[in-house]
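Coordinates as given in target_2.json (JSON, C-alpha atoms and all ligand atoms):
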```json
[["chain", "number", "residue", "atom", "x", "y", "z"],
["R", 1, "MET", "CA", -55.82, 104.13, 26.46],
["R", 2, "ARG", "CA", -56.43, 101.31, 28.96],
["R", 3, "ILE", "CA", -58.91, 98.77, 27.65],
["R", 4, "ASP", "CA", -60.30, 95.80, 29.64],
["R", 5, "LEU", "CA", -62.52, 93.64, 27.42],
["R", 6, "HIS", "CA", -63.96, 91.11, 29.92],
["R", 7, "VAL", "CA", -65.84, 92.16, 33.06],
["R", 8, "HIS", "CA", -68.76, 90.58, 34.96],
["R", 9, "SER", "CA", -71.56, 92.28, 36.91],
["R", 10, "THR", "CA", -74.42, 91.10, 39.14],
["R", 11, "ALA", "CA", -76.28, 90.45, 35.87],
["R", 12, "SER", "CA", -74.35, 87.17, 36.04],
["R", 13, "ASP", "CA", -71.75, 86.08, 38.61],
["R", 14, "GLY", "CA", -69.95, 89.33, 39.46],
["R", 15, "THR", "CA", -70.60, 91.04, 42.79],
["R", 16, "GLN", "CA", -71.03, 94.64, 41.59],
["R", 17, "SER", "CA", -73.91, 96.12, 39.62],
["R", 18, "PRO", "CA", -73.18, 97.66, 36.21],
["R", 19, "THR", "CA", -73.46, 101.08, 37.89],
["R", 20, "GLU", "CA", -70.89, 100.14, 40.53],
["R", 21, "LEU", "CA", -68.61, 98.71, 37.83],
["R", 22, "MET", "CA", -68.47, 102.08, 36.08],
["R", 23, "ALA", "CA", -67.04, 103.67, 39.20],
["R", 24, "VAL", "CA", -64.58, 100.83, 39.73],
["R", 25, "ALA", "CA", -63.40, 101.14, 36.11],
["R", 26, "VAL", "CA", -62.89, 104.90, 36.37],
["R", 27, "ALA", "CA", -61.03, 104.55, 39.68],
["R", 28, "ALA", "CA", -58.72, 101.98, 38.03],
["R", 29, "GLY", "CA", -57.90, 104.46, 35.27],
["R", 30, "LEU", "CA", -59.61, 102.49, 32.51],
["R", 31, "ASP", "CA", -60.88, 104.17, 29.32],
["R", 32, "VAL", "CA", -62.82, 101.20, 27.90],
["R", 33, "ILE", "CA", -64.49, 98.21, 29.57],
["R", 34, "ALA", "CA", -66.54, 95.43, 28.01],
["R", 35, "LEU", "CA", -69.47, 94.10, 30.03],
["R", 36, "THR", "CA", -69.48, 90.36, 29.30],
["R", 37, "ASP", "CA", -71.92, 88.59, 31.59],
["R", 38, "HIS", "CA", -72.51, 84.86, 31.20],
["R", 39, "ASP", "CA", -75.33, 84.03, 28.76],
["R", 40, "THR", "CA", -77.21, 87.32, 29.22],
["R", 41, "THR", "CA", -77.31, 90.89, 28.00],
["R", 42, "THR", "CA", -79.58, 92.16, 30.79],
["R", 43, "GLY", "CA", -76.83, 94.35, 32.26],
["R", 44, "TRP", "CA", -76.43, 96.41, 29.09],
["R", 45, "ALA", "CA", -79.25, 98.92, 29.69],
["R", 46, "GLU", "CA", -78.04, 99.85, 33.17],
["R", 47, "ALA", "CA", -74.44, 100.13, 31.92],
["R", 48, "GLN", "CA", -75.56, 102.47, 29.16],
["R", 49, "ARG", "CA", -77.53, 104.64, 31.60],
["R", 50, "ALA", "CA", -74.81, 104.72, 34.26],
["R", 51, "ARG", "CA", -71.81, 105.25, 31.95],
["R", 52, "PRO", "CA", -69.91, 108.36, 33.05],
["R", 53, "PRO", "CA", -68.43, 110.76, 30.44],
["R", 54, "GLY", "CA", -64.99, 109.66, 29.31],
["R", 55, "LEU", "CA", -65.61, 105.95, 29.81],
["R", 56, "THR", "CA", -66.54, 103.76, 26.85],
["R", 57, "VAL", "CA", -68.57, 100.61, 27.48],
["R", 58, "VAL", "CA", -68.52, 97.74, 24.99],
["R", 59, "PRO", "CA", -71.68, 95.68, 25.39],
["R", 60, "GLY", "CA", -70.88, 91.99, 25.16],
["R", 61, "VAL", "CA", -71.66, 88.52, 26.40],
["R", 62, "GLU", "CA", -69.76, 85.38, 27.42],
["R", 63, "LEU", "CA", -71.54, 82.41, 25.88],
["R", 64, "SER", "CA", -71.23, 78.97, 27.50],
["R", 65, "CYS", "CA", -69.99, 76.70, 24.71],
["R", 66, "GLN", "CA", -68.35, 73.30, 24.37],
["R", 67, "SER", "CA", -66.28, 71.36, 21.88],
["R", 68, "THR", "CA", -66.65, 67.68, 21.08],
["R", 69, "ALA", "CA", -63.87, 67.73, 18.49],
["R", 70, "VAL", "CA", -61.57, 65.46, 20.48],
["R", 71, "GLU", "CA", -62.14, 62.12, 22.21],
["R", 72, "GLY", "CA", -63.61, 62.19, 25.71],
["R", 73, "PRO", "CA", -66.22, 64.32, 27.47],
["R", 74, "PRO", "CA", -67.00, 67.73, 25.90],
["R", 75, "ILE", "CA", -64.47, 70.46, 26.60],
["R", 76, "GLY", "CA", -66.03, 73.59, 28.11],
["R", 77, "VAL", "CA", -65.30, 76.72, 26.08],
["R", 78, "HIS", "CA", -66.25, 80.31, 26.90],
["R", 79, "LEU", "CA", -66.93, 82.45, 23.85],
["R", 80, "LEU", "CA", -66.93, 86.23, 24.17],
["R", 81, "GLY", "CA", -69.30, 88.02, 21.80],
["R", 82, "TYR", "CA", -68.86, 91.76, 21.42],
["R", 83, "LEU", "CA", -71.20, 94.40, 20.00],
["R", 84, "LEU", "CA", -73.88, 92.00, 18.79],
["R", 85, "ASP", "CA", -77.55, 92.75, 18.30],
["R", 86, "PRO", "CA", -79.10, 91.51, 21.58],
["R", 87, "ALA", "CA", -82.50, 91.10, 19.89],
["R", 88, "HIS", "CA", -81.30, 88.66, 17.22],
["R", 89, "PRO", "CA", -83.88, 85.85, 17.54],
["R", 90, "GLY", "CA", -81.42, 82.96, 17.20],
["R", 91, "PHE", "CA", -79.04, 84.44, 19.74],
["R", 92, "MET", "CA", -81.88, 85.25, 22.16],
["R", 93, "ALA", "CA", -83.28, 81.72, 21.96],
["R", 94, "GLU", "CA", -79.90, 80.08, 22.54],
["R", 95, "ALA", "CA", -79.00, 82.36, 25.46],
["R", 96, "GLU", "CA", -82.36, 81.61, 27.06],
["R", 97, "ARG", "CA", -81.79, 77.88, 26.64],
["R", 98, "LEU", "CA", -78.41, 78.24, 28.36],
["R", 99, "ARG", "CA", -79.92, 80.21, 31.26],
["R", 100, "THR", "CA", -82.64, 77.60, 31.72],
["R", 101, "ASP", "CA", -80.02, 74.87, 31.85],
["R", 102, "ARG", "CA", -77.96, 76.87, 34.37],
["R", 103, "LEU", "CA", -81.04, 77.11, 36.60],
["R", 104, "SER", "CA", -81.72, 73.37, 36.70],
["R", 105, "ARG", "CA", -78.02, 72.52, 37.01],
["R", 106, "GLY", "CA", -77.58, 75.03, 39.87],
["R", 107, "ARG", "CA", -80.56, 73.52, 41.63],
["R", 108, "ARG", "CA", -79.18, 69.98, 41.19],
["R", 109, "MET", "CA", -75.79, 71.05, 42.60],
["R", 110, "ALA", "CA", -77.41, 72.82, 45.57],
["R", 111, "GLU", "CA", -79.64, 69.81, 46.27],
["R", 112, "ALA", "CA", -76.67, 67.44, 46.09],
["R", 113, "MET", "CA", -74.88, 69.53, 48.72],
["R", 114, "ALA", "CA", -77.96, 69.74, 50.94],
["R", 115, "ASP", "CA", -78.60, 65.98, 50.60],
["R", 116, "ASP", "CA", -75.03, 65.44, 51.74],
["R", 117, "GLY", "CA", -75.71, 67.43, 54.91],
["R", 118, "LEU", "CA", -74.11, 70.75, 53.97],
["R", 119, "PRO", "CA", -76.09, 73.66, 55.50],
["R", 120, "VAL", "CA", -77.07, 75.22, 52.18],
["R", 121, "SER", "CA", -80.31, 75.14, 50.17],
["R", 122, "TRP", "CA", -81.50, 75.82, 46.64],
["R", 123, "GLU", "CA", -83.74, 78.61, 48.00],
["R", 124, "GLN", "CA", -80.65, 80.32, 49.42],
["R", 125, "VAL", "CA", -78.71, 80.00, 46.15],
["R", 126, "ASP", "CA", -81.73, 81.23, 44.20],
["R", 127, "ARG", "CA", -81.92, 84.30, 46.47],
["R", 128, "ILE", "CA", -78.20, 85.00, 46.03],
["R", 129, "ALA", "CA", -78.40, 84.71, 42.24],
["R", 130, "ALA", "CA", -81.34, 87.14, 42.34],
["R", 131, "GLY", "CA", -82.55, 86.31, 38.86],
["R", 132, "ALA", "CA", -79.11, 86.20, 37.23],
["R", 133, "PRO", "CA", -78.06, 83.10, 35.26],
["R", 134, "VAL", "CA", -77.01, 80.73, 38.05],
["R", 135, "GLY", "CA", -73.31, 79.88, 38.25],
["R", 136, "ARG", "CA", -71.01, 78.12, 40.65],
["R", 137, "PRO", "CA", -69.94, 81.44, 42.23],
["R", 138, "HIS", "CA", -73.52, 81.80, 43.54],
["R", 139, "LEU", "CA", -73.19, 78.36, 45.16],
["R", 140, "GLY", "CA", -69.84, 79.53, 46.48],
["R", 141, "ARG", "CA", -71.45, 82.54, 48.16],
["R", 142, "ALA", "CA", -73.97, 80.22, 49.80],
["R", 143, "LEU", "CA", -71.07, 78.17, 51.19],
["R", 144, "VAL", "CA", -69.49, 81.40, 52.50],
["R", 145, "GLU", "CA", -72.80, 82.41, 54.11],
["R", 146, "ALA", "CA", -73.02, 78.98, 55.71],
["R", 147, "GLY", "CA", -69.60, 79.57, 57.25],
["R", 148, "LEU", "CA", -68.06, 76.53, 55.56],
["R", 149, "VAL", "CA", -65.45, 78.60, 53.70],
["R", 150, "ALA", "CA", -64.11, 82.14, 53.96],
["R", 151, "THR", "CA", -64.12, 83.02, 50.26],
["R", 152, "VAL", "CA", -65.65, 81.92, 46.95],
["R", 153, "THR", "CA", -62.15, 80.96, 45.82],
["R", 154, "GLU", "CA", -61.90, 78.57, 48.77],
["R", 155, "ALA", "CA", -65.39, 77.24, 47.94],
["R", 156, "PHE", "CA", -64.12, 76.34, 44.45],
["R", 157, "ALA", "CA", -61.01, 74.67, 45.82],
["R", 158, "ARG", "CA", -62.91, 72.58, 48.37],
["R", 159, "TYR", "CA", -66.41, 71.99, 47.00],
["R", 160, "LEU", "CA", -67.14, 73.32, 43.51],
["R", 161, "HIS", "CA", -64.24, 72.21, 41.30],
["R", 162, "ARG", "CA", -64.96, 70.00, 38.30],
["R", 163, "SER", "CA", -63.78, 66.77, 39.88],
["R", 164, "GLY", "CA", -65.63, 67.39, 43.15],
["R", 165, "PRO", "CA", -68.68, 65.36, 44.27],
["R", 166, "TYR", "CA", -71.15, 68.21, 43.71],
["R", 167, "TYR", "CA", -70.11, 69.24, 40.23],
["R", 168, "ARG", "CA", -72.71, 68.83, 37.50],
["R", 169, "PRO", "CA", -71.97, 69.65, 33.84],
["R", 170, "LYS", "CA", -73.95, 72.21, 31.84],
["R", 171, "ARG", "CA", -75.42, 71.57, 28.41],
["R", 172, "SER", "CA", -73.54, 74.20, 26.50],
["R", 173, "THR", "CA", -73.67, 75.39, 22.87],
["R", 174, "ASP", "CA", -71.43, 73.78, 20.28],
["R", 175, "ILE", "CA", -68.54, 76.18, 19.77],
["R", 176, "HIS", "CA", -69.01, 76.46, 16.00],
["R", 177, "ALA", "CA", -72.73, 77.12, 16.46],
["R", 178, "GLY", "CA", -71.86, 79.79, 19.05],
["R", 179, "ILE", "CA", -69.43, 81.49, 16.68],
["R", 180, "ALA", "CA", -72.02, 81.42, 13.90],
["R", 181, "LEU", "CA", -74.72, 82.88, 16.19],
["R", 182, "ILE", "CA", -72.52, 85.77, 17.37],
["R", 183, "ARG", "CA", -71.60, 86.53, 13.74],
["R", 184, "ALA", "CA", -75.24, 86.25, 12.62],
["R", 185, "ALA", "CA", -76.13, 88.80, 15.31],
["R", 186, "GLY", "CA", -73.49, 91.20, 13.92],
["R", 187, "GLY", "CA", -71.09, 90.56, 16.80],
["R", 188, "VAL", "CA", -67.41, 89.73, 17.08],
["R", 189, "PRO", "CA", -66.57, 86.30, 18.56],
["R", 190, "VAL", "CA", -63.39, 85.95, 20.64],
["R", 191, "LEU", "CA", -62.26, 82.80, 22.45],
["R", 192, "ALA", "CA", -62.11, 83.54, 26.21],
["R", 193, "HIS", "CA", -59.20, 82.26, 28.33],
["R", 194, "GLY", "CA", -58.45, 79.42, 25.90],
["R", 195, "ARG", "CA", -55.54, 78.07, 27.94],
["R", 196, "ALA", "CA", -56.98, 78.34, 31.47],
["R", 197, "ARG", "CA", -55.91, 74.77, 32.22],
["R", 198, "LEU", "CA", -56.85, 74.80, 35.90],
["R", 199, "ARG", "CA", -60.53, 74.88, 34.87],
["R", 200, "GLY", "CA", -60.26, 71.63, 32.93],
["R", 201, "ARG", "CA", -59.18, 70.43, 29.51],
["R", 202, "VAL", "CA", -58.54, 73.16, 26.94],
["R", 203, "LEU", "CA", -58.78, 73.32, 23.13],
["R", 204, "ASP", "CA", -55.74, 72.28, 21.16],
["R", 205, "ASP", "CA", -54.30, 74.33, 18.31],
["R", 206, "ALA", "CA", -56.08, 72.30, 15.62],
["R", 207, "VAL", "CA", -59.51, 72.98, 17.14],
["R", 208, "ILE", "CA", -58.73, 76.68, 17.51],
["R", 209, "ALA", "CA", -57.67, 76.70, 13.84],
["R", 210, "ALA", "CA", -60.99, 75.08, 12.92],
["R", 211, "CYS", "CA", -62.78, 77.83, 14.88],
["R", 212, "ALA", "CA", -60.81, 80.46, 12.96],
["R", 213, "GLY", "CA", -62.08, 78.75, 9.81],
["R", 214, "THR", "CA", -65.71, 79.10, 10.93],
["R", 215, "GLY", "CA", -65.56, 82.77, 11.90],
["R", 216, "LEU", "CA", -63.71, 83.20, 15.18],
["R", 217, "ALA", "CA", -62.22, 86.71, 15.18],
["R", 218, "GLY", "CA", -59.81, 86.69, 18.10],
["R", 219, "LEU", "CA", -58.09, 85.00, 21.03],
["R", 220, "GLU", "CA", -58.02, 86.34, 24.59],
["R", 221, "VAL", "CA", -54.29, 85.90, 25.13],
["R", 222, "ASP", "CA", -53.49, 88.08, 28.13],
["R", 223, "HIS", "CA", -55.68, 86.69, 30.91],
["R", 224, "PRO", "CA", -54.87, 86.22, 34.62],
["R", 225, "ASP", "CA", -55.30, 82.42, 34.31],
["R", 226, "HIS", "CA", -52.73, 82.13, 31.48],
["R", 227, "PRO", "CA", -49.09, 81.46, 32.41],
["R", 228, "PRO", "CA", -46.48, 83.38, 30.33],
["R", 229, "ALA", "CA", -45.51, 80.38, 28.17],
["R", 230, "ASP", "CA", -49.14, 79.80, 27.15],
["R", 231, "ARG", "CA", -49.55, 83.48, 26.31],
["R", 232, "ASP", "CA", -46.52, 83.37, 24.02],
["R", 233, "GLN", "CA", -47.79, 80.25, 22.32],
["R", 234, "LEU", "CA", -51.34, 81.64, 21.87],
["R", 235, "ARG", "CA", -49.95, 84.93, 20.54],
["R", 236, "ALA", "CA", -47.96, 83.02, 17.90],
["R", 237, "LEU", "CA", -51.02, 80.92, 17.04],
["R", 238, "ALA", "CA", -53.15, 84.07, 16.63],
["R", 239, "ALA", "CA", -50.52, 85.51, 14.28],
["R", 240, "ASP", "CA", -50.51, 82.28, 12.23],
["R", 241, "LEU", "CA", -54.30, 82.24, 11.99],
["R", 242, "GLY", "CA", -54.78, 85.98, 11.44],
["R", 243, "LEU", "CA", -56.75, 86.40, 14.68],
["R", 244, "LEU", "CA", -56.96, 89.49, 16.91],
["R", 245, "VAL", "CA", -55.16, 89.28, 20.27],
["R", 246, "THR", "CA", -57.03, 90.66, 23.28],
["R", 247, "GLY", "CA", -56.22, 91.08, 26.96],
["R", 248, "SER", "CA", -58.67, 91.34, 29.84],
["R", 249, "SER", "CA", -59.08, 90.82, 33.56],
["R", 250, "ASP", "CA", -62.25, 88.65, 33.69],
["R", 251, "TYR", "CA", -63.10, 90.74, 36.76],
["R", 252, "HIS", "CA", -65.81, 89.24, 39.01],
["R", 253, "GLY", "CA", -65.70, 91.69, 41.96],
["R", 254, "ALA", "CA", -65.37, 89.94, 45.31],
["R", 255, "ASN", "CA", -66.00, 86.52, 43.73],
["R", 256, "LYS", "CA", -62.41, 86.37, 42.45],
["R", 257, "LEU", "CA", -59.05, 87.74, 43.48],
["R", 258, "THR", "CA", -58.23, 89.51, 40.18],
["R", 259, "PRO", "CA", -58.47, 93.33, 40.07],
["R", 260, "ILE", "CA", -60.17, 95.08, 37.14],
["R", 261, "GLY", "CA", -57.65, 96.09, 34.46],
["R", 262, "ALA", "CA", -55.27, 93.27, 35.45],
["R", 263, "CYS", "CA", -54.73, 92.61, 31.73],
["R", 264, "VAL", "CA", -55.53, 95.01, 28.89],
["R", 265, "THR", "CA", -56.04, 95.14, 25.11],
["R", 266, "ASP", "CA", -54.01, 97.13, 22.58],
["R", 267, "PRO", "CA", -55.95, 100.19, 21.25],
["R", 268, "ASP", "CA", -55.34, 99.16, 17.61],
["R", 269, "VAL", "CA", -56.81, 95.74, 18.28],
["R", 270, "TYR", "CA", -59.81, 97.37, 19.95],
["R", 271, "ALA", "CA", -60.34, 99.60, 16.90],
["R", 272, "ALA", "CA", -60.15, 96.57, 14.59],
["R", 273, "LEU", "CA", -62.65, 94.70, 16.76],
["R", 274, "VAL", "CA", -65.15, 97.59, 16.65],
["R", 275, "GLY", "CA", -64.67, 97.71, 12.88],
["R", 276, "LEU", "CA", -65.80, 94.08, 12.54],
["R", 277, "SER", "CA", -69.12, 94.66, 14.29],
["R", 278, "THR", "CA", -72.45, 95.46, 12.65],
["R", 279, "GLY", "CA", -74.69, 94.71, 15.64],
["R", 280, "THR", "CA", -74.50, 97.37, 18.36],
["R", 281, "ALA", "CA", -72.15, 100.36, 18.64],
["R", 282, "PRO", "CA", -70.04, 100.94, 21.78],
["R", 283, "TYR", "CA", -71.58, 103.23, 24.40],
["R", 284, "THR", "CA", -69.35, 106.27, 24.24],
["R", 285, "ASP", "CA", -69.26, 110.09, 24.43],
["R", 301, "LIG", "P1", -70.07, 77.84, 36.02],
["R", 301, "LIG", "O1", -70.20, 78.67, 34.76],
["R", 301, "LIG", "O2", -71.31, 77.85, 36.81],
["R", 301, "LIG", "O3", -69.53, 76.47, 35.78],
["R", 301, "LIG", "O4", -69.00, 78.58, 36.93],
["R", 301, "LIG", "C1", -67.79, 79.03, 36.38],
["R", 301, "LIG", "C2", -67.53, 80.42, 36.87],
["R", 301, "LIG", "O5", -66.85, 80.35, 38.09],
["R", 301, "LIG", "C3", -66.66, 81.21, 35.92],
["R", 301, "LIG", "O6", -67.24, 82.46, 35.66],
["R", 301, "LIG", "C4", -65.37, 81.43, 36.63],
["R", 301, "LIG", "O7", -64.94, 82.75, 36.44],
["R", 301, "LIG", "C5", -65.69, 81.17, 38.07],
["R", 301, "LIG", "N1", -64.58, 80.44, 38.67],
["R", 301, "LIG", "C6", -63.97, 79.34, 38.17],
["R", 301, "LIG", "N2", -62.99, 78.92, 39.00],
["R", 301, "LIG", "C7", -62.98, 79.76, 40.05],
["R", 301, "LIG", "C8", -62.22, 79.87, 41.25],
["R", 301, "LIG", "N3", -61.24, 78.99, 41.51],
["R", 301, "LIG", "N4", -62.50, 80.87, 42.11],
["R", 301, "LIG", "C9", -63.50, 81.73, 41.84],
["R", 301, "LIG", "N5", -64.25, 81.70, 40.73],
["R", 301, "LIG", "C10", -64.01, 80.73, 39.85],
["R", 302, "FE", "FE", -67.96, 83.92, 35.80],
["R", 303, "FE", "FE", -65.11, 82.58, 31.34],
["R", 304, "ZN", "ZN", -65.70, 85.58, 32.31]]
```

Write the structure described by the file as structure tokens, please.
Amino acid sequence: MRIDLHVHSTASDGTQSPTELMAVAVAAGLDVIALTDHDTTTGWAEAQRARPPGLTVVPGVELSCQSTAVEGPPIGVHLLGYLLDPAHPGFMAEAERLRTDRLSRGRRMAEAMADDGLPVSWEQVDRIAAGAPVGRPHLGRALVEAGLVATVTEAFARYLHRSGPYYRPKRSTDIHAGIALIRAAGGVPVLAHGRARLRGRVLDDAVIAACAGTGLAGLEVDHPDHPPADRDQLRALAADLGLLVTGSSDYHGANKLTPIGACVTDPDVYAALVGLSTGTAPYTD
């Protein structure tokens, strides 16, 4: 069994529709994929309809969270939520608040670039996002369209990174509130790419331990942005804290270099994760 528990579609900042993702997953020899778009569950229905026999789809979400546990500006944290009830009122309200904030922040970033003379506009970014929660990859595609960069990856390196002049922070959900919401909706909360240091500051062990104390169920250990030493350390931490250990690609189609299935999750861990959920069952044969 090959299981990839973190994949993005055009419902957020991936470049392939849920239907296209199914074909990509099958071609890569995957048996299970989780659809985890940023702050939305709108891709779930299409994924359920388009799922081919033999492929299991785990409906999920990647919630934009932050931690203020240590001194300094908030640390951005991505929280994966698997198999939750997408109609849980508290979850729905928070996800909508996050999407609204993404919209205004995306507009402010686009306007800052346009004001600075870059040949991009908010209207263009809005068209590219096509109703999805706006993220920096959509701004990156606008920069590609404008001919300023060849790829979204280059757009991040030159224009969109956190210390760049156009970066604006998002108002994300407190990590403990996010964990509580996913649990309240019957889902299973897993910390996404907790040691992806190139994206900014990361949580230290004490904060992760505090999250385990408030209901975190697992750590995404095998992730393309994690160097081997960090994976070893996170794996040991998960063992100490009694957390599940997952692996996933964080596939974003053409918006990132990583192929689907680049990292995978152990079948026993997957079974344990499904066993913790009371929200929505996996889409399966
Ligand atoms: P945002 O949530 O709008 O701040 O944008 C972050 C998104 O951009 C995440 O989904 C990342 O997967 C993606 N991302 C971050 N760094 C890069 C990069 N260097 N190249 C391409 N995509 C990136
Ligand atoms: Fe993304
Ligand atoms: Fe993420
Ligand atoms: Zn992701």

Residues of chain R that have any atom at most 7 Å from an atom of ligand LIG 301 (chain R): could you tabulate them with the shortest-distance atom pair and the distance in Å to one decimal, using only C-alpha atoms and all ligand atoms, ordered by chain and increasing number, as JSON lines?
```
{"residue": "R:Asp13", "atom": "CA", "partner": "R:LIG301", "partner_atom": "O6", "distance": 6.5}
{"residue": "R:Val134", "atom": "CA", "partner": "R:LIG301", "partner_atom": "O2", "distance": 6.5}
{"residue": "R:Gly135", "atom": "CA", "partner": "R:LIG301", "partner_atom": "O2", "distance": 3.2}
{"residue": "R:Arg136", "atom": "CA", "partner": "R:LIG301", "partner_atom": "O2", "distance": 3.9}
{"residue": "R:Pro137", "atom": "CA", "partner": "R:LIG301", "partner_atom": "O5", "distance": 5.3}
{"residue": "R:Val152", "atom": "CA", "partner": "R:LIG301", "partner_atom": "C9", "distance": 5.5}
{"residue": "R:Thr153", "atom": "CA", "partner": "R:LIG301", "partner_atom": "N4", "distance": 3.7}
{"residue": "R:Phe156", "atom": "CA", "partner": "R:LIG301", "partner_atom": "N3", "distance": 4.9}
{"residue": "R:Ala157", "atom": "CA", "partner": "R:LIG301", "partner_atom": "N3", "distance": 6.1}
{"residue": "R:Arg199", "atom": "CA", "partner": "R:LIG301", "partner_atom": "N2", "distance": 6.3}
{"residue": "R:Asn255", "atom": "CA", "partner": "R:LIG301", "partner_atom": "C9", "distance": 5.7}
{"residue": "R:Lys256", "atom": "CA", "partner": "R:LIG301", "partner_atom": "C9", "distance": 4.8}
```

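Pairwise distance (CA of Asp85 (chain R), CA of Thr280 (chain R)) equals 5.5 Å.
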
- Task: Rank nothing, just name the residue among R:Ala192, R:Met92, R:Met109, R:Ala23 nearest to ligand FE 303 (chain R), using only C-alpha atoms and all ligand atoms.
- Result: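 For ligand FE 303 (chain R), the nearest of the given residues is R:Ala192.
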
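As for CA of Pro224 (chain R) and CA of Val202 (chain R), they are spaced 15.6 Å apart.
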
- Message: Counting only C-alpha atoms and all ligand atoms, what are the residues, protein, DNA or RNA alike, that approach ligand ZN 304 (chain R) to within 8 Å? I want them as a ChimeraX atom specification.
- Response: /R:6-8,36-38,62,78,192,250-252

For Ala93 (chain R), find every residue with an atom within 12 Å (counting all atoms listed in the file), except residues of its own chain fewer than 6 positions away, and show them as a PDB file with C-alpha atoms, keeping the file's coordinate frame.
```pdb
ATOM      1  CA  ASP R  39     -75.330  84.030  28.760  1.00  0.00           C
ATOM      2  CA  THR R  40     -77.210  87.320  29.220  1.00  0.00           C
ATOM      3  CA  PRO R  86     -79.100  91.510  21.580  1.00  0.00           C
ATOM      4  CA  ALA R  87     -82.500  91.100  19.890  1.00  0.00           C
ATOM      5  CA  ARG R  99     -79.920  80.210  31.260  1.00  0.00           C
ATOM      6  CA  THR R 100     -82.640  77.600  31.720  1.00  0.00           C
ATOM      7  CA  THR R 173     -73.670  75.390  22.870  1.00  0.00           C
ATOM      8  CA  GLY R 178     -71.860  79.790  19.050  1.00  0.00           C
ATOM      9  CA  LEU R 181     -74.720  82.880  16.190  1.00  0.00           C
TER      10      LEU R 181
END
```

- Within 9 Å of Leu203 (chain R) using all atoms listed in the file, minus same-chain residues under 3 positions, as a PyMOL selection string: chain R and resi 67+69-70+75-77+194-195+206-208

- Message: Here is a test: counting only C-alpha atoms and all ligand atoms, which residue of R:Ser163, R:Thr42, R:Ser64, R:Thr265 is nearest to ligand FE 303 (chain R)?
- Response: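 Using only C-alpha atoms and all ligand atoms, ligand FE 303 (chain R) sits closest to R:Ser64.
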
- Using all atoms listed in the file, which residues sit within 12 Å of Pro169 (chain R) once same-chain residues fewer than 2 positions away are excluded, as a PyMOL selection string? chain R and resi 64-66+73-76+101-102+104-106+108-109+135-136+160-167+171-172+200

- If you measure from CA of Gly81 (chain R) to CA of Pro59 (chain R), what distance in Å do you get, rounded to one decimal? 8.8 Å

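Shortest separation to Thr68 (chain R) among R:Leu139, R:Glu154, R:His176, R:Asp205 occurs at residue R:His176, atoms counted being only C-alpha atoms.
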
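Proximity to ligand FE 302 (chain R) was assessed for R:Ala217, R:Ala47, R:Val144, R:Ala254 counting all atoms listed in the file; the smallest distance is recorded for R:Ala254.
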
Which residues are close to region 116-130 of chain R, i.e. within 9 Å by only C-alpha atoms, leaving aside same-chain residues fewer than 3 positions away? Reply as a compact mmCIF listing (two decimals) with C-alpha atoms, in the frame of the given file.
```txt
# COMPACT_ATOMS: atom_id res chain seq x y z
CA THR R 10 -74.42 91.10 39.14
CA ALA R 11 -76.28 90.45 35.87
CA SER R 12 -74.35 87.17 36.04
CA ASP R 13 -71.75 86.08 38.61
CA LEU R 103 -81.04 77.11 36.60
CA GLY R 106 -77.58 75.03 39.87
CA ARG R 107 -80.56 73.52 41.63
CA ARG R 108 -79.18 69.98 41.19
CA MET R 109 -75.79 71.05 42.60
CA ALA R 110 -77.41 72.82 45.57
CA GLU R 111 -79.64 69.81 46.27
CA ALA R 112 -76.67 67.44 46.09
CA MET R 113 -74.88 69.53 48.72
CA PRO R 133 -78.06 83.10 35.26
CA VAL R 134 -77.01 80.73 38.05
CA GLY R 135 -73.31 79.88 38.25
CA HIS R 138 -73.52 81.80 43.54
CA LEU R 139 -73.19 78.36 45.16
CA GLY R 140 -69.84 79.53 46.48
CA ARG R 141 -71.45 82.54 48.16
CA ALA R 142 -73.97 80.22 49.80
CA LEU R 143 -71.07 78.17 51.19
CA GLU R 145 -72.80 82.41 54.11
CA ALA R 146 -73.02 78.98 55.71
CA GLY R 147 -69.60 79.57 57.25
CA LEU R 148 -68.06 76.53 55.56
```

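Counting only C-alpha atoms and comparing R:Ala196, R:Leu83, R:Met22, R:Leu241, the residue that lies closest to Pro228 (chain R) is R:Ala196.
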
- Task: Please provide as a ChimeraX atom specification all residues within 7 Å of Ala238 (chain R), with the sequence filter that same-chain residues fewer than 6 positions apart are discarded (counting only C-alpha atoms).
- Result: /R:219,244-245

Please produce a file of the residues just selected, as a PDB file, in the frame of the given file, where the atoms kept are C-alpha atoms.
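Result saved to selection-v1.pdb:
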```pdb
ATOM      1  CA  LEU R 219     -58.090  85.000  21.030  1.00  0.00           C
ATOM      2  CA  LEU R 244     -56.960  89.490  16.910  1.00  0.00           C
ATOM      3  CA  VAL R 245     -55.160  89.280  20.270  1.00  0.00           C
TER       4      VAL R 245
END
```

- Query: Which one of R:Gln233, R:Thr258, R:Gln16, R:Thr56 sits closest to Val32 (chain R) if you count all atoms listed in the file?
  - Reply: R:Thr56
